[in-house]
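S.K.: Sharing a structure with you now.
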Amino acid sequence: MAIRQDTLWEQFLSPLIQSLLDKEQMMAVRDRIDWHETIDRYQAPEFSYPSYYHTQNYHGIEGGYLTQTAAITYDPITQYVLPPYEPWVRQSLIDRVRTQPRRILDLGCGTGSMTVPLKQAFPGAVVTGLDLSPYMLAVAEDRASQAGVEIEWAHGTAELTQFEAGSFDLVTAALLFHETPPAIAQTILAESYRLLSAGGQLLILDGNQRTLRSLELLNNVFEEPYIQAYAAGNLDAWLGKAGFDDVETKDVFWINQVTRGVKK
């Protein structure tokens, strides 16, 4: 796995965070997973990754999330980049759910760090996590097993899922939109609208766009290829364009935001 040595992340933040990581815990996750079996099970042989995903570096790492190392380090690192406390930040999305959903889809679920809390908050719901990285899904599956919850995991793109229209009461996306080009983000929103039943809710947890616009340094620190375009945009307007009503964004500890939309 090649790493760019000239990035702010690699020169300053990565060495600091690396010193704080629980190496034994990461190795335990690595050793519990049968990587070949799990990845073969999720990734169809003919699957083609979109260019916006596999040709870009994330956090200065070439290959992005399509690596074992990226998958096992994601959670230990994320806890330090979601201040003031990651569970509080993720809980802010759950707190915005208006109803008791029966069918939940978590787009860009990654290692299940939002998906598992959703299942725990709504134990009676059928919860599905979708992600582009089979490596991340392998860790998500392990997380769910360790938590003792049943979640359906699926490999694919958030902009073109294989689910039927109106299949879900709640669609969520945590830390997904700043990692996609705006045109793809708009397509994901349109797909989310299609997937929701009438009265269904979309909830998005991501970086605070106003804060990111005012602090350009944050746009460069974490080596996200699309974060500047995300910061320049407006999720409220994007949801409105996709057809959502009752659109509202609330700040979460200044650094993040939760945006809500409802399908009438």
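By convention here, the chains of the structure tokens are called A, B, ... in the order presented, each chain's residues are numbered starting at 1, and ligands are numbered starting at 1 in the order presented.
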Using only C-alpha atoms, which protein or nucleic acid residues come within 12 Å of A:Trp35? Drop anything in the same chain fewer than 5 positions from it, and give the result as a PyMOL selection string.

M.R.: chain A and resi 29-30+40-43+67-69+71-72+134-139+141-142

S.K.: So that I can check the surroundings of stretch 78-90 of chain A, please list as JSON, numbers by chain every protein, DNA and RNA residue that reaches within 12 Å of it, counting only C-alpha atoms and ignoring chain neighbours fewer than 4 positions away.

M.R.: {"A": [9, 13, 14, 16, 17, 18, 19, 20, 21, 22, 59, 70, 71, 72, 73, 74, 94, 95, 96, 110, 111, 112, 113, 114, 115, 116, 117, 118, 121, 172, 173, 174, 175, 203, 204, 205, 206, 207, 208, 218, 221, 222, 251, 252, 253, 254, 255, 256, 257, 258]}

S.K.: Could you please determine the separation between atom CA of A:Ser197 and atom CA of A:Phe122 in Å, to one decimal place?

M.R.: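 For atom CA of A:Ser197 relative to atom CA of A:Phe122, the distance reads 17.8 Å.
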
S.K.: Taking the DSSP assignment computed from this structure's backbone, write out as a PyMOL selection string all residues of stretch 50-234 of chain A that belong to strand (DSSP E).

M.R.: chain A and resi 103-107+126-131+152-155+168-174+196-207

S.K.: Calculated over only C-alpha atoms, which of the candidates A:Ala232, A:Leu196, A:Pro225, A:Gly129 has the smallest distance to A:Thr55?

M.R.: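 The answer is A:Pro225, which sits nearest to A:Thr55.
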
S.K.: From the set A:Pro182, A:Pro123, A:Gly200, A:Gly108, which residue has the shortest atom-to-atom contact distance to A:Leu170, counting only C-alpha atoms?

M.R.: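 Looking at the shortest contact to A:Leu170, the residue is A:Gly200.
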
S.K.: Between atom CA of A:Val127 and atom CA of A:Cys109, what is the distance, to one decimal in Å?

M.R.: 11.1 Å

S.K.: Once you count only C-alpha atoms, what closest atom pair and distance in Å to one decimal does each residue of stretch 78-145 of chain A within 6 Å of stretch 149-164 of chain A have, with rows by chain and rising residue number, as a tab-separated table?

M.R.:
```
residue	atom	partner	partner_atom	distance
A:Leu107	CA	A:Ala158	CA	5.9
A:Val127	CA	A:Ile151	CA	5.4
A:Thr128	CA	A:Glu152	CA	4.6
A:Gly129	CA	A:Trp153	CA	4.9
A:Leu130	CA	A:Ala154	CA	4.7
A:Asp131	CA	A:His155	CA	5.3
A:Leu132	CA	A:Gly156	CA	5.0
A:Ala144	CA	A:Val149	CA	5.4
```

S.K.: Could you dump the residues just selected with all heavy atoms as a compact mmCIF listing (two decimals), in the first residue's frame?

M.R.:
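Result written to again-v9.txt:
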```txt
# COMPACT_ATOMS: atom_id res chain seq x y z
N LEU A 107 -26.30 3.59 3.76
CA LEU A 107 -25.48 3.70 2.55
C LEU A 107 -24.04 4.06 2.92
O LEU A 107 -23.81 4.88 3.80
CB LEU A 107 -26.05 4.77 1.62
CG LEU A 107 -27.44 4.50 1.04
CD1 LEU A 107 -27.93 5.73 0.28
CD2 LEU A 107 -27.42 3.28 0.12
N VAL A 127 -32.21 -4.27 9.16
CA VAL A 127 -31.20 -3.26 8.84
C VAL A 127 -30.24 -3.83 7.80
O VAL A 127 -29.74 -4.96 7.95
CB VAL A 127 -30.42 -2.83 10.10
CG1 VAL A 127 -29.36 -1.79 9.74
CG2 VAL A 127 -31.38 -2.27 11.15
N THR A 128 -29.98 -3.04 6.77
CA THR A 128 -29.06 -3.42 5.71
C THR A 128 -27.95 -2.38 5.60
O THR A 128 -28.22 -1.18 5.62
CB THR A 128 -29.78 -3.53 4.36
OG1 THR A 128 -30.84 -4.48 4.46
CG2 THR A 128 -28.82 -3.96 3.25
N GLY A 129 -26.71 -2.83 5.49
CA GLY A 129 -25.58 -1.93 5.25
C GLY A 129 -25.00 -2.19 3.87
O GLY A 129 -24.76 -3.34 3.50
N LEU A 130 -24.80 -1.14 3.10
CA LEU A 130 -24.27 -1.23 1.74
C LEU A 130 -22.97 -0.46 1.64
O LEU A 130 -22.89 0.69 2.08
CB LEU A 130 -25.28 -0.66 0.74
CG LEU A 130 -24.83 -0.59 -0.73
CD1 LEU A 130 -24.89 -1.96 -1.37
CD2 LEU A 130 -25.68 0.40 -1.51
N ASP A 131 -21.95 -1.07 1.05
CA ASP A 131 -20.67 -0.37 0.88
C ASP A 131 -19.96 -0.85 -0.37
O ASP A 131 -20.19 -1.97 -0.85
CB ASP A 131 -19.78 -0.57 2.10
CG ASP A 131 -18.69 0.50 2.20
OD1 ASP A 131 -18.99 1.60 2.69
OD2 ASP A 131 -17.56 0.24 1.75
N LEU A 132 -19.05 0.00 -0.87
CA LEU A 132 -18.29 -0.30 -2.07
C LEU A 132 -17.05 -1.15 -1.79
O LEU A 132 -16.47 -1.73 -2.70
CB LEU A 132 -17.86 1.00 -2.75
CG LEU A 132 -18.56 1.38 -4.05
CD1 LEU A 132 -18.11 2.75 -4.53
CD2 LEU A 132 -18.34 0.33 -5.12
N ALA A 144 -20.62 -6.57 13.79
CA ALA A 144 -21.97 -7.00 14.11
C ALA A 144 -21.96 -8.30 14.91
O ALA A 144 -22.74 -8.48 15.86
CB ALA A 144 -22.79 -7.16 12.84
```

S.K.: Point out the residue among A:Gln91, A:Thr180, A:Thr99, A:Thr38 with the least atom-to-atom distance to A:Ser51, counting only C-alpha atoms.

M.R.: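 When distances to A:Ser51 are compared using only C-alpha atoms, the smallest one comes from A:Thr180.
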
S.K.: So, counting only C-alpha atoms, which residue among A:Gly261, A:Glu179, A:Tyr193, A:Lys250 is closest to A:Ala231?

M.R.: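 Result for the nearest residue to A:Ala231: A:Glu179.
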
S.K.: For A:Ala28, which residue among A:Gln228, A:Gln201, A:Gln146, A:Asn234 is the nearest when counting only C-alpha atoms?

M.R.: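 Checking each candidate against A:Ala28, we get A:Gln146 as the closest.
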
S.K.: What is the distance between atom CA of A:His54 and atom CA of A:Asp75, in Å to one decimal?

M.R.: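 Distance between the two atoms: 20.5 Å.
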
S.K.: Using only C-alpha atoms, can you tell me which of A:Arg103, A:Arg213, A:Arg143, A:Lys241 comes closest to A:Ser167?

M.R.: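 Checking each of A:Arg103, A:Arg213, A:Arg143, A:Lys241 against A:Ser167, counting only C-alpha atoms, the winner is A:Arg103.
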